[in-house]
Amino acid sequence: MQKILLTLSLLFSFSLQAAEALPSWNEGISKQSIINYVTAVTKENTADFIPVKDRIAVFDNDGTLWAEQPAYFQLFFAMDMVKKHVSEHPEWKTTEPFKSVLANDIKGVMKSVEKGLISLVNATHSNMDVETFQEEVRTWLKTAKHPTKNRPYDKLIYQPMMEVIQYLEANDFKVYIVSGGGIDFMRAFVPEVYGIPQEHIIGSKGEVKYENGKIIKLPEIHFIDDKETKPVAINYHIGKRPVAAFGNSDGDFAMMEYTEANDKHKTLQLYVHHTDDKREWKYDRDSHIGKLDKGLDYARDNNWTIVDMKQEWKVIFPFELKK
C-alpha cells in the first residue's frame with residue numbers, strides 16, 4: 001500500500017510539474033511538443049527514456065535567448081568601447097568602420113561587412129586580461145540601453161525561453177550555450193542572467209596568451225562558432241551529441257542537424273521564428289541578422305518545432321510579466 005501511495009504521489013508531482021511548466025507560453029503545438037518530449041524521455045522503463053548522463057540540450061544565444069536586432073548586442077558593446085577609448089586612438093576618427101561608429105552611423109558600420117566588424121572586435125576586445133575585459137562588459141550592461149527598445153540589453157532576454165531552460169534543468173538536462181558570440185563576452189553575464197555556469201558556455205574565441213599569472217586577449221580571431229563549426233565546438237567541449245537543440249537561424253542549422261542525427265536517443269529540434277513586429281521584430285529569409293531560410297524549409301519538411309513568437313508567447317521579455 002505504501003508503495004502504491006508513493007507511486008501515486010510521484011505521478012501527481014510530475015503531472016503538476018508539467019502543468020506548471022512554461023507559464024509564458026500559450027497552449028499550442030510548440031508548448032505541447034516540448035512537454036511531450038520531456039515527458040517521454042524522462043519516463044523510466046520506456047523505449048524513449050534517456051539516461052540523465054545523456055540529457056544534453058544546446059541553445060544558440062543571439063535571437064534564441066535574447067534579442068539580436070538591429071545588430072548583435074556584442075557589436076553595440078564594441079561600438080560603445082570605441083567611443084569610450086577614442087581619445088587613445090585618434091586614427092579611428094578617419095578610419096572605417098570606426099569613423100561610422102563615432103558618427104552613430106550603424107548602416108555605415110554594417111557596410112564594412114565581416115572584415116570591418118572583426119576589426120572592431122579586435123580593437124575593443126584585446127590587449128587586456130580576461131578578467132578586465134569581463135568587468136568592462138558587466139559595467140557596460142549596468143548602464144547601456146538598447147537604441148530602440150530603450151531597455152538594458154540584459155533585460156531583452158526571452159522569458160519563454162528562460163522557462164524552457166528551467167524546465168529542462170528541473171528534469172535533469174545539462175544545458176549549454178553554443179553561440180557565435182564571444183565566449184568571454186558571454187561569460188561576463190550568462191551565469192548571472194541565465195543561471196548557466198561558465199563551463200557550459202561555448203562561443204567564438206580570440207587568441208590569448210599567458211603572461212605573469214594572467215590570460216591576455218590578443219587582437220586575432222582563433223575560432224568562430226557558427227554554422228558548420230558549431231557541431232565541431234560541441235564535439236570539442238562536450239564530447240557527445242546533444243538530444244535537444246534550440247536556435248533561430250540558418251547559422252544554427254548544422255547544430256540542429258547534428259542533434260537530429262543522434263541515432264541513440266529521441267531528439268527535439270526547435271526554431272524560434274520571429275513573427276512579432278509589434279512586441280519585437282519580424283524577420284526570417286531576407287534578414288541581414290538571424291537569417292532563417294534553409295532551416296525554415298527543412299524544419300517544416302521534417303517536423304521540427306517552429307515557434308510562432310507572435311501567436312505562441314504570452315510575453316516576450318520579463319518586464320512584460322504582470323506584477
# chains A, B, ... in the order shown; residues from 1 in each chain; ligands from 1
$ closest_atom_pairs --of "region 156-180 of chain A" --to "region 232-235 of chain A" --cutoff "10 Å" --atoms "only C-alpha atoms" --output "tab-separated table"
residue	atom	partner	partner_atom	distance
A:Tyr176	CA	A:Ile234	CA	9.2
A:Ile177	CA	A:Ile234	CA	9.8
A:Val178	CA	A:Ile234	CA	7.6
A:Ser179	CA	A:Ala233	CA	9.8
$ select_by_dssp --residues "region 96-228 of chain A" --states "strand (DSSP E or B)" --output "PyMOL selection string"
chain A and resi 128-129+145+152+157+174-182+201-211+214-223
$ write_last_selection --atoms "N, CA and C atoms" --output "short mmCIF file (atom, residue, chain, number, x, y, z; two decimals), in the first residue's frame"
data_model
loop_
_atom_site.label_atom_id
_atom_site.label_comp_id
_atom_site.auth_asym_id
_atom_site.auth_seq_id
_atom_site.Cartn_x
_atom_site.Cartn_y
_atom_site.Cartn_z
N MET A 128 44.20 43.26 -23.12
CA MET A 128 43.85 43.33 -21.70
C MET A 128 43.66 41.90 -21.22
N ASP A 129 43.69 41.68 -19.91
CA ASP A 129 43.46 40.33 -19.42
C ASP A 129 41.96 40.03 -19.42
N LYS A 145 21.87 51.08 -22.87
CA LYS A 145 20.49 50.75 -23.23
C LYS A 145 20.37 50.53 -24.74
N PRO A 152 17.85 48.12 -20.79
CA PRO A 152 19.16 47.48 -20.67
C PRO A 152 19.19 46.21 -21.51
N ILE A 157 16.00 39.64 -22.71
CA ILE A 157 16.06 38.18 -22.81
C ILE A 157 14.63 37.67 -22.99
N LYS A 174 21.40 18.78 -18.84
CA LYS A 174 22.52 19.72 -18.78
C LYS A 174 22.37 20.67 -19.96
N VAL A 175 22.34 21.97 -19.67
CA VAL A 175 22.10 22.98 -20.70
C VAL A 175 23.39 23.71 -21.03
N TYR A 176 23.66 23.83 -22.33
CA TYR A 176 24.85 24.53 -22.82
C TYR A 176 24.43 25.64 -23.79
N ILE A 177 25.17 26.75 -23.74
CA ILE A 177 25.04 27.80 -24.74
C ILE A 177 26.06 27.52 -25.83
N VAL A 178 25.63 27.51 -27.09
CA VAL A 178 26.53 27.32 -28.23
C VAL A 178 26.25 28.45 -29.20
N SER A 179 27.07 29.49 -29.14
CA SER A 179 26.75 30.75 -29.82
C SER A 179 27.91 31.26 -30.66
N GLY A 180 27.55 32.05 -31.67
CA GLY A 180 28.57 32.76 -32.44
C GLY A 180 29.15 33.92 -31.66
N GLY A 181 28.50 34.31 -30.58
CA GLY A 181 29.02 35.39 -29.74
C GLY A 181 30.32 35.01 -29.06
N GLY A 182 31.06 36.02 -28.63
CA GLY A 182 32.34 35.77 -27.99
C GLY A 182 32.19 35.06 -26.66
N ILE A 201 29.38 27.34 -21.40
CA ILE A 201 29.27 28.38 -22.43
C ILE A 201 30.30 28.11 -23.52
N ILE A 202 29.82 27.97 -24.75
CA ILE A 202 30.67 27.72 -25.90
C ILE A 202 30.44 28.85 -26.89
N GLY A 203 31.52 29.47 -27.36
CA GLY A 203 31.37 30.59 -28.28
C GLY A 203 32.61 30.83 -29.10
N SER A 204 32.58 31.90 -29.87
CA SER A 204 33.74 32.29 -30.67
C SER A 204 34.86 32.74 -29.75
N LYS A 205 36.10 32.56 -30.22
CA LYS A 205 37.25 32.84 -29.36
C LYS A 205 38.28 33.68 -30.09
N GLY A 206 38.89 34.57 -29.35
CA GLY A 206 40.07 35.27 -29.84
C GLY A 206 41.32 34.56 -29.35
N GLU A 207 42.43 34.88 -29.97
CA GLU A 207 43.70 34.32 -29.50
C GLU A 207 44.05 34.93 -28.14
N VAL A 208 44.71 34.15 -27.31
CA VAL A 208 45.14 34.62 -25.99
C VAL A 208 46.56 34.13 -25.73
N LYS A 209 47.17 34.73 -24.71
CA LYS A 209 48.47 34.25 -24.25
C LYS A 209 48.53 34.35 -22.73
N TYR A 210 49.40 33.56 -22.14
CA TYR A 210 49.61 33.61 -20.70
C TYR A 210 50.77 34.56 -20.40
N GLU A 211 50.56 35.42 -19.39
CA GLU A 211 51.60 36.38 -19.03
C GLU A 211 51.46 36.79 -17.57
N LYS A 214 48.26 35.93 -15.75
CA LYS A 214 47.02 36.36 -16.37
C LYS A 214 46.91 35.82 -17.80
N ILE A 215 45.64 35.70 -18.27
CA ILE A 215 45.37 35.35 -19.66
C ILE A 215 45.08 36.64 -20.40
N ILE A 216 45.94 36.97 -21.37
CA ILE A 216 45.83 38.24 -22.11
C ILE A 216 45.15 38.00 -23.45
N LYS A 217 44.16 38.81 -23.75
CA LYS A 217 43.43 38.71 -25.01
C LYS A 217 44.22 39.42 -26.11
N LEU A 218 44.38 38.75 -27.25
CA LEU A 218 45.13 39.28 -28.38
C LEU A 218 44.20 39.69 -29.52
N PRO A 219 44.62 40.62 -30.37
CA PRO A 219 43.77 41.11 -31.46
C PRO A 219 43.75 40.18 -32.67
N GLU A 220 43.43 38.91 -32.43
CA GLU A 220 43.35 37.93 -33.51
C GLU A 220 42.21 36.96 -33.21
N ILE A 221 41.53 36.50 -34.26
CA ILE A 221 40.45 35.53 -34.11
C ILE A 221 41.03 34.12 -34.10
N HIS A 222 40.62 33.33 -33.14
CA HIS A 222 41.06 31.93 -33.06
C HIS A 222 40.03 30.98 -33.66
N PHE A 223 38.75 31.21 -33.33
CA PHE A 223 37.70 30.27 -33.74
C PHE A 223 36.36 31.00 -33.77
#
$ closest_residue --among "A:Asp277, A:Leu117, A:Val58, A:Ile183" --to "Met256 (chain A)" --atoms "only C-alpha atoms"
A:Val58
$ residues_around --residues "region 25-35 of chain A" --least-positions-apart "3" --cutoff "8 Å" --atoms "only C-alpha atoms" --output "ChimeraX atom specification"
/A:18,21-22,38-39,160,268,305-307,311-315
$ select_by_dssp --residues "region 176-311 of chain A" --states "alpha helix (DSSP H)" --output "ChimeraX atom specification"
/A:183-187,190-194,229-237,253-260,294-301,309-311
$ closest_atom_pairs --of "region 198-265 of chain A" --to "region 60-65 of chain A" --cutoff "9 Å" --atoms "only C-alpha atoms" --output "Markdown table"
| residue | atom | partner | partner_atom | distance |
| --- | --- | --- | --- | --- |
| A:Ala245 | CA | A:Asp60 | CA | 8.2 |
| A:Phe246 | CA | A:Asp60 | CA | 6.2 |
| A:Gly247 | CA | A:Asp60 | CA | 5.1 |
| A:Asn248 | CA | A:Thr64 | CA | 5.6 |
| A:Ser249 | CA | A:Gly63 | CA | 8.0 |
| A:Asp252 | CA | A:Asp60 | CA | 6.9 |
$ write_last_selection --atoms "C-alpha atoms" --output "PDB file, in the first residue's frame"
ATOM      1  CA  ALA A 245      18.793  21.817 -29.827  1.00  0.00           C
ATOM      2  CA  PHE A 246      17.293  25.305 -29.918  1.00  0.00           C
ATOM      3  CA  GLY A 247      18.090  28.013 -32.475  1.00  0.00           C
ATOM      4  CA  ASN A 248      16.603  30.731 -34.647  1.00  0.00           C
ATOM      5  CA  SER A 249      18.649  30.952 -37.823  1.00  0.00           C
ATOM      6  CA  ASP A 252      22.128  27.102 -36.074  1.00  0.00           C
TER       7      ASP A 252
END
$ atom_distance --atom1 "CA of Lys266 (chain A)" --atom2 "CA of Thr46 (chain A)"
11.6 Å
$ atom_distance --atom1 "CA of Lys230 (chain A)" --atom2 "CA of His274 (chain A)"
21.7 Å
$ decode --residues "region 293-321 of chain A" --atoms "N, CA and C atoms" --output "mmCIF file, in the first residue's frame"
data_model
loop_
_atom_site.group_PDB
_atom_site.id
_atom_site.type_symbol
_atom_site.label_atom_id
_atom_site.label_comp_id
_atom_site.auth_asym_id
_atom_site.auth_seq_id
_atom_site.Cartn_x
_atom_site.Cartn_y
_atom_site.Cartn_z
ATOM 1 N N ASP A 293 16.209 30.699 -43.569
ATOM 2 C CA ASP A 293 15.718 30.375 -44.902
ATOM 3 C C ASP A 293 15.767 28.860 -45.118
ATOM 4 N N LYS A 294 16.945 28.340 -45.327
ATOM 5 C CA LYS A 294 17.120 26.897 -45.492
ATOM 6 C C LYS A 294 16.557 26.135 -44.299
ATOM 7 N N GLY A 295 16.850 26.627 -43.111
ATOM 8 C CA GLY A 295 16.396 25.951 -41.899
ATOM 9 C C GLY A 295 14.894 25.936 -41.767
ATOM 10 N N LEU A 296 14.240 27.003 -42.196
ATOM 11 C CA LEU A 296 12.787 27.084 -42.100
ATOM 12 C C LEU A 296 12.132 26.034 -42.982
ATOM 13 N N ASP A 297 12.635 25.894 -44.202
ATOM 14 C CA ASP A 297 12.082 24.888 -45.114
ATOM 15 C C ASP A 297 12.320 23.477 -44.579
ATOM 16 N N TYR A 298 13.541 23.226 -44.109
ATOM 17 C CA TYR A 298 13.870 21.889 -43.605
ATOM 18 C C TYR A 298 13.026 21.561 -42.376
ATOM 19 N N ALA A 299 12.874 22.545 -41.490
ATOM 20 C CA ALA A 299 12.105 22.321 -40.265
ATOM 21 C C ALA A 299 10.657 21.951 -40.585
ATOM 22 N N ARG A 300 10.068 22.647 -41.561
ATOM 23 C CA ARG A 300 8.687 22.353 -41.938
ATOM 24 C C ARG A 300 8.555 20.967 -42.571
ATOM 25 N N ASP A 301 9.552 20.575 -43.348
ATOM 26 C CA ASP A 301 9.503 19.287 -44.042
ATOM 27 C C ASP A 301 9.824 18.112 -43.131
ATOM 28 N N ASN A 302 10.478 18.372 -42.002
ATOM 29 C CA ASN A 302 10.956 17.288 -41.144
ATOM 30 C C ASN A 302 10.406 17.342 -39.728
ATOM 31 N N ASN A 303 9.314 18.060 -39.569
ATOM 32 C CA ASN A 303 8.571 18.064 -38.303
ATOM 33 C C ASN A 303 9.370 18.581 -37.114
ATOM 34 N N TRP A 304 10.277 19.521 -37.359
ATOM 35 C CA TRP A 304 10.891 20.208 -36.244
ATOM 36 C C TRP A 304 9.855 21.168 -35.664
ATOM 37 N N THR A 305 10.054 21.558 -34.429
ATOM 38 C CA THR A 305 9.145 22.513 -33.792
ATOM 39 C C THR A 305 9.524 23.927 -34.210
ATOM 40 N N ILE A 306 8.556 24.669 -34.729
ATOM 41 C CA ILE A 306 8.772 26.062 -35.130
ATOM 42 C C ILE A 306 7.858 26.934 -34.274
ATOM 43 N N VAL A 307 8.457 27.753 -33.443
ATOM 44 C CA VAL A 307 7.692 28.606 -32.537
ATOM 45 C C VAL A 307 7.259 29.882 -33.249
ATOM 46 N N ASP A 308 5.973 30.099 -33.316
ATOM 47 C CA ASP A 308 5.428 31.359 -33.823
ATOM 48 C C ASP A 308 5.402 32.340 -32.650
ATOM 49 N N MET A 309 6.409 33.193 -32.591
ATOM 50 C CA MET A 309 6.570 34.083 -31.442
ATOM 51 C C MET A 309 5.314 34.920 -31.180
ATOM 52 N N LYS A 310 4.701 35.425 -32.235
ATOM 53 C CA LYS A 310 3.536 36.293 -32.086
ATOM 54 C C LYS A 310 2.346 35.553 -31.495
ATOM 55 N N GLN A 311 2.133 34.316 -31.956
ATOM 56 C CA GLN A 311 0.947 33.578 -31.550
ATOM 57 C C GLN A 311 1.154 32.740 -30.290
ATOM 58 N N GLU A 312 2.389 32.318 -30.045
ATOM 59 C CA GLU A 312 2.589 31.309 -29.006
ATOM 60 C C GLU A 312 3.195 31.827 -27.716
ATOM 61 N N TRP A 313 3.670 33.072 -27.704
ATOM 62 C CA TRP A 313 4.261 33.614 -26.479
ATOM 63 C C TRP A 313 3.343 34.670 -25.880
ATOM 64 N N LYS A 314 2.943 34.450 -24.643
ATOM 65 C CA LYS A 314 2.115 35.433 -23.942
ATOM 66 C C LYS A 314 2.885 36.734 -23.745
ATOM 67 N N VAL A 315 4.127 36.602 -23.359
ATOM 68 C CA VAL A 315 5.033 37.741 -23.223
ATOM 69 C C VAL A 315 6.323 37.372 -23.931
ATOM 70 N N ILE A 316 7.110 38.377 -24.265
ATOM 71 C CA ILE A 316 8.417 38.120 -24.873
ATOM 72 C C ILE A 316 9.516 38.378 -23.861
ATOM 73 N N PHE A 317 9.452 39.538 -23.204
ATOM 74 C CA PHE A 317 10.507 39.925 -22.268
ATOM 75 C C PHE A 317 9.999 39.872 -20.826
ATOM 76 N N PRO A 318 10.886 39.642 -19.867
ATOM 77 C CA PRO A 318 10.457 39.526 -18.460
ATOM 78 C C PRO A 318 9.713 40.742 -17.938
ATOM 79 N N PHE A 319 10.068 41.944 -18.414
ATOM 80 C CA PHE A 319 9.406 43.143 -17.884
ATOM 81 C C PHE A 319 7.955 43.247 -18.302
ATOM 82 N N GLU A 320 7.495 42.370 -19.221
ATOM 83 C CA GLU A 320 6.093 42.361 -19.630
ATOM 84 C C GLU A 320 5.221 41.527 -18.679
ATOM 85 N N LEU A 321 5.852 40.796 -17.791
ATOM 86 C CA LEU A 321 5.082 39.975 -16.855
ATOM 87 C C LEU A 321 4.255 40.859 -15.927
#
